[in-house]
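A quick write-up on the structure given underneath.
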Protein chains: 2
Amino acid sequence: MEVYAVIMAGGTGTRLWPLSTQEKPKQTQSFLGDETLFQEAVRRIKPLVGLDRVLVVAGSRLVEELRRQEPCIPEANFVVEPAGMGTAPCIGLAAVHIAERSPGSVMVVLTADHHIGDVEGFHAALRTAVDAANMGHLVTLGIEPGEPSTGYGYIEHGDLVDRVRGLRVLRVSRFTEKPDRTTASEMVGSGRYSWNSGMFIWRVDRILEEFRSHMPELYDQLSVIGDAVGSPAYMEVLEASWRHVPRETIDYGVMEKASDVVVIPVDVGWSDLGTWSSVMSLLPKDSDGNVVKGRHLGVDTSGSLIFGGDRLIATVGVRDLIVVDTGEALLICDKAQDQKVRDLVKML
Amino acid sequence: MEVYAVIMAGGTGTRLWPLSTQEKPKQTQSFLGDETLFQEAVRRIKPLVGLDRVLVVAGSRLVEELRRQEPCIPEANFVVEPAGMGTAPCIGLAAVHIAERSPGSVMVVLTADHHIGDVEGFHAALRTAVDAANMGHLVTLGIEPGEPSTGYGYIEHGDLVDRVRGLRVLRVSRFTEKPDRTTASEMVGSGRYSWNSGMFIWRVDRILEEFRSHMPELYDQLSVIGDAVGSPAYMEVLEASWRHVPRETIDYGVMEKASDVVVIPVDVGWSDLGTWSSVMSLLPKDSDGNVVKGRHLGVDTSGSLIFGGDRLIATVGVRDLIVVDTGEALLICDKAQDQKVRDLVKML
């Protein structure tokens with residue numbers, strides 16, 4: 001059995017502005033060390049599949065930077081999306097590329113902008129997931145919810161289908177959208193929900209069947225594209241087909257309608273690095289509770305994230321503040337209000 | 001009667017760091033508009049004496065920048081101090097230069113790093129002071145204290161000597177050092193004290209006499225320097241003499257010992273721009289109470305000073321904060337703690 005990994009690296013998150021921008025989004029930046037989040041994602045999956053079987057999907061503008069960051073991934077494995085159309089077309093495009101190489105293989109769909117603290121646990125979960133996928137299930141990794149977050153979709157657990165290598169494989173009863181605070185508390189309290197991680201594992205032939213059943217318009221375009229893979233006309237065909245591709249997420253387009261969808265709940269130190277305070281929570285703090293990157297001089301400064309570069313940042317009488325200083329812009333944000341960074345970027 | 005103005009422009013204040021630095025101190029920077037504080041000082045005195053009679057004293061490193069900022073002041077009027085030795089040698093040096101041109105003239109000693117809101121009132125006060133100086137008094141302008149500040153020296157008022165053009169000319173009973181909070185409150189409450197502004201008006205022959213009586217060592221060096229003014233050996237003589245000049249302020253060295261010292265209390269919107277919040281208090285605020293210079297985007301931001309340049313500064317959930325962004329450094333400071341900027345700069 002061959003296993004391919006697909007890293008969806010095309011996102012354009014703005015919640016970590018000003019470091020993450022449309023031109024240089026989050027996954028191409030380093031927050032937690034020297035590696036970028038994309039490099040972290042590659043390093044994480046490499047031991048399981050090998051670099052030859054890591055596909056990367058992103059827009060053409062981003063692909064150049066991603067290639068630069070991972071020069072050992074074969075050039076042909078960088079799959080260009082002519083335009084971002086949601087996860088369903090993105091995954092479909094990767095699927096036809098993998099089908100062309102190895103139609104019976106298992107495909108692991110990953111994101112490039114998350115952090116995973118427990119890489120060994122993650123590998124164990126993926127091995128279980130690959131086994132379950134090989135049996136024909138559409139597998140999603142569910143994250144043990146650490147708090148009643150209103151920022152994620154939730155997956156309701158159904159019956160136990162199997163236990164593989166000590167992990168539960170549960171039928172998915174339903175996918176839910178981002179809940180309100182009360183509903184989220186109930187869900188987390190019940191113990192019957194996971195966060196939707198956006199990581200999926202399935203056989204390539206299985207997911208293409210699902211596209212045919214639930215998203216026939218997309219499937220038709222994918223078939224045309226698939227026939228052109230490796231031919232000189234490929235880019236032309238891709239661009240022409242892509243104009244007819246519907247904008248849709250894999251959750252709405254396929255997962256909610258498909259049968260035999262299972263979830264494997266995992267607890268692997270997952271973080272979506274969705275806000276500056278979530279970034280901060282993953283970094284070591286000094287004795288004043290500050291996280292500092294770059295040159296900093298603080299007087300009466302505590303609980304703050306100082307994220308700068310060569311330029312000196314001096315703070316006086318500052319508490320629980322997020323300071324992010326790039327060459328282009330400067331963010332100063334109350335830690336409790338860092339979700340509002342998104343509003344700010346919309347205003348820009 | 002000829003009147004000369006001397007602008008002491010050699011200070012190296014650090015409380016307005018990072019805009020004010022040792023290399024580009026406060027007086028060479030603009031805080032309140034397009035003009036630098038030095039340019040403000042020149043514009044303020046020009047109508048009273050004319051640019052030909054404005055002398056500027058500063059260190060050699062600073063003189064070049066000051067000349068650039070005021071190209072219409074004759075080059076010979078920029079008097080270089082070989083080293084900053086306090087206000088007594090600085091004023092003495094200016095005095096011998098003026099004595100060389102016009103020994104019986106009145107000399108107005110001004111600072112370059114203060115703001116004066118009521119320029120007409122300031123002119124009226126100076127006219128009175130010049131008249132009093134011409135009668136032989138050593139005159140100091142006293143600032144009506146707006147609050148019991150512990151940051152200034154105070155001048156205790158003695159008997160009324162005269163009234164000139166409606167302003168009181170009072171004998172100085174004594175100069176006091178920076179008081180503690182309680183003493184300051186008592187002083188301000190009594191109504192018998194002014195802040196020591198550091199602005200003095202006297203006849204050149206009079207102040208040189210005082211140097212001879214109270215600072216004979218300085219006087220000797222000043223005499224040597226005065227004899228060399230205009231000769232090719234001037235710089236050499238100056239540098240040699242300056243090595244023997246004592247470090248002293250005019251307050252300690254002369255004013256506290258001299259007789260016939262008077263104060264003219266004035267209320268002319270004086271501010272020493274000693275802290276970022278004092279700068280802020282002089283600038284117009286927007287509807288959220290913010291003072292903004294440069295590109296700024298604020299969400300839930302109030303009572304703050306945003307002092308930047310071309311680079312965008314975004315703030316979220318910020319109140320009563322001082323943000324100063326220069327090319328070299330960034331200051332983020334609680335408004336209530338802006339006196340600590342000085343400590344910070346000492347640490348650098």
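Every chain in the structure tokens takes a letter, A first, then B, and so on in the order presented; its residues are numbered from 1, and the ligands are numbered from 1 following the presented order.
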If you take only C-alpha atoms and a cut-off of 10 Å, which residues of chain A touch chain B, and what are their nearest atom pairs and distances in Å to one decimal, in chain and number order, as CSV?
residue,atom,partner,partner_atom,distance
A:Trp17,CA,B:Ala314,CA,9.9
A:Pro18,CA,B:Ala314,CA,9.1
A:Arg295,CA,B:Ala329,CA,9.7
A:His296,CA,B:Leu330,CA,9.6
A:Leu297,CA,B:Leu344,CA,7.8
A:Gly298,CA,B:Leu344,CA,8.0
A:Val299,CA,B:Leu344,CA,7.1
A:Asp300,CA,B:Gln337,CA,9.5
A:Thr301,CA,B:Cys333,CA,9.6
A:Asp310,CA,B:Glu328,CA,9.1
A:Arg311,CA,B:Ala329,CA,5.5
A:Leu312,CA,B:Ala329,CA,4.8
A:Ile313,CA,B:Leu330,CA,4.8
A:Ala314,CA,B:Leu331,CA,4.8
A:Thr315,CA,B:Ile332,CA,4.7
A:Val316,CA,B:Cys333,CA,4.5
A:Gly317,CA,B:Asp334,CA,5.1
A:Val318,CA,B:Asp334,CA,6.3
A:Arg319,CA,B:Asp334,CA,9.4
A:Leu321,CA,B:Val318,CA,8.9
A:Ile322,CA,B:Val316,CA,9.4
A:Val323,CA,B:Ile332,CA,9.0
A:Val324,CA,B:Ala314,CA,9.8
A:Asp325,CA,B:Leu330,CA,8.9
A:Thr326,CA,B:Arg311,CA,9.6
A:Gly327,CA,B:Arg311,CA,8.1
A:Glu328,CA,B:Arg311,CA,6.0
A:Ala329,CA,B:Leu312,CA,4.8
A:Leu330,CA,B:Ile313,CA,4.8
A:Leu331,CA,B:Ala314,CA,4.8
A:Ile332,CA,B:Thr315,CA,4.7
A:Cys333,CA,B:Val316,CA,4.5
A:Asp334,CA,B:Gly317,CA,5.1
A:Lys335,CA,B:Gly317,CA,8.4
A:Ala336,CA,B:Gly317,CA,8.3
A:Gln337,CA,B:Gly317,CA,6.3
A:Asp338,CA,B:Val316,CA,7.6
A:Gln339,CA,B:Val316,CA,9.7
A:Lys340,CA,B:Val316,CA,7.2
A:Val341,CA,B:Val316,CA,7.3
A:Asp343,CA,B:Val299,CA,8.6
A:Leu344,CA,B:Val299,CA,7.1
A:Val345,CA,B:Ala314,CA,9.4
A:Met347,CA,B:Leu297,CA,8.4
A:Leu348,CA,B:Leu297,CA,8.2
Restricting it to C-alpha atoms, dump the selection as an mmCIF file, in the first residue's frame.
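What ended up in again.cif:
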data_model
loop_
_atom_site.group_PDB
_atom_site.id
_atom_site.type_symbol
_atom_site.label_atom_id
_atom_site.label_comp_id
_atom_site.auth_asym_id
_atom_site.auth_seq_id
_atom_site.Cartn_x
_atom_site.Cartn_y
_atom_site.Cartn_z
ATOM 1 C CA TRP A 17 -1.048 40.097 10.790
ATOM 2 C CA PRO A 18 1.333 41.867 10.355
ATOM 3 C CA ARG A 295 15.878 43.083 20.659
ATOM 4 C CA HIS A 296 13.825 44.123 23.668
ATOM 5 C CA LEU A 297 14.322 46.248 26.729
ATOM 6 C CA GLY A 298 11.496 46.213 29.236
ATOM 7 C CA VAL A 299 10.738 48.194 32.380
ATOM 8 C CA ASP A 300 7.689 47.006 34.347
ATOM 9 C CA THR A 301 6.698 44.755 31.484
ATOM 10 C CA ASP A 310 16.683 43.886 14.596
ATOM 11 C CA ARG A 311 15.061 47.108 15.689
ATOM 12 C CA LEU A 312 15.014 47.770 19.430
ATOM 13 C CA ILE A 313 11.628 47.618 21.120
ATOM 14 C CA ALA A 314 11.442 49.292 24.519
ATOM 15 C CA THR A 315 8.399 48.883 26.735
ATOM 16 C CA VAL A 316 7.535 50.666 29.974
ATOM 17 C CA GLY A 317 4.583 49.863 32.223
ATOM 18 C CA VAL A 318 3.095 47.327 29.849
ATOM 19 C CA ARG A 319 1.049 44.262 30.756
ATOM 20 C CA LEU A 321 0.227 43.307 25.395
ATOM 21 C CA ILE A 322 1.008 41.856 21.996
ATOM 22 C CA VAL A 323 3.605 43.780 20.024
ATOM 23 C CA VAL A 324 4.495 42.594 16.539
ATOM 24 C CA ASP A 325 6.981 44.655 14.615
ATOM 25 C CA THR A 326 7.794 43.835 10.994
ATOM 26 C CA GLY A 327 9.538 45.956 8.436
ATOM 27 C CA GLU A 328 6.188 47.006 6.997
ATOM 28 C CA ALA A 329 3.904 47.493 9.959
ATOM 29 C CA LEU A 330 3.517 47.456 13.699
ATOM 30 C CA LEU A 331 0.728 45.845 15.706
ATOM 31 C CA ILE A 332 0.046 46.731 19.321
ATOM 32 C CA CYS A 333 -2.843 44.738 20.698
ATOM 33 C CA ASP A 334 -4.369 43.917 24.045
ATOM 34 C CA LYS A 335 -3.903 40.172 24.511
ATOM 35 C CA ALA A 336 -7.556 39.679 25.414
ATOM 36 C CA GLN A 337 -8.659 41.294 22.158
ATOM 37 C CA ASP A 338 -6.440 39.591 19.632
ATOM 38 C CA GLN A 339 -9.369 38.137 17.693
ATOM 39 C CA LYS A 340 -10.014 41.686 16.527
ATOM 40 C CA VAL A 341 -6.844 41.625 14.436
ATOM 41 C CA ASP A 343 -11.331 43.048 11.748
ATOM 42 C CA LEU A 344 -8.356 45.303 11.573
ATOM 43 C CA VAL A 345 -6.985 43.585 8.494
ATOM 44 C CA MET A 347 -10.262 47.553 7.418
ATOM 45 C CA LEU A 348 -6.892 47.794 5.673
#
If you count only C-alpha atoms, which residues fall within 12 Å of A:Ile225, apart from same-chain ones fewer than 6 positions away, as a PyMOL selection string?
-> chain A and resi 81+89+92-97+99-100+218-219+231+233-242+244-245
Separation of atom CA of A:Val79 from atom CA of A:Arg53, in Å and rounded to one decimal =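 Spanning atom CA of A:Val79 to atom CA of A:Arg53 is a straight-line distance of 12.5 Å.
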Would you mind listing what lies within 12 Å of B:Asp162 as a ChimeraX atom specification, with only C-alpha atoms counted and same-chain residues fewer than 3 positions away left out?
-> /B:128-129,131-132,135,137,158-159,165-171,262-264
For those residues, write C-alpha atoms to a file as an mmCIF file, in the first residue's frame.
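Written file, selection.cif:
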data_model
loop_
_atom_site.group_PDB
_atom_site.id
_atom_site.type_symbol
_atom_site.label_atom_id
_atom_site.label_comp_id
_atom_site.auth_asym_id
_atom_site.auth_seq_id
_atom_site.Cartn_x
_atom_site.Cartn_y
_atom_site.Cartn_z
ATOM 1 C CA THR B 128 10.074 94.351 30.218
ATOM 2 C CA ALA B 129 13.052 92.161 31.049
ATOM 3 C CA ASP B 131 14.287 97.348 30.250
ATOM 4 C CA ALA B 132 15.002 95.931 33.706
ATOM 5 C CA MET B 135 18.786 99.362 34.521
ATOM 6 C CA HIS B 137 19.377 94.070 37.156
ATOM 7 C CA GLY B 158 11.090 88.904 47.371
ATOM 8 C CA ASP B 159 10.032 92.523 47.441
ATOM 9 C CA ARG B 165 4.902 97.747 31.259
ATOM 10 C CA GLY B 166 2.448 96.195 33.691
ATOM 11 C CA LEU B 167 4.676 93.296 34.775
ATOM 12 C CA ARG B 168 6.101 92.906 38.268
ATOM 13 C CA VAL B 169 9.842 92.973 38.719
ATOM 14 C CA LEU B 170 10.534 91.220 42.037
ATOM 15 C CA ARG B 171 13.698 90.755 43.983
ATOM 16 C CA VAL B 262 15.233 89.961 39.973
ATOM 17 C CA VAL B 263 12.496 87.729 38.643
ATOM 18 C CA ILE B 264 9.654 88.637 36.315
#
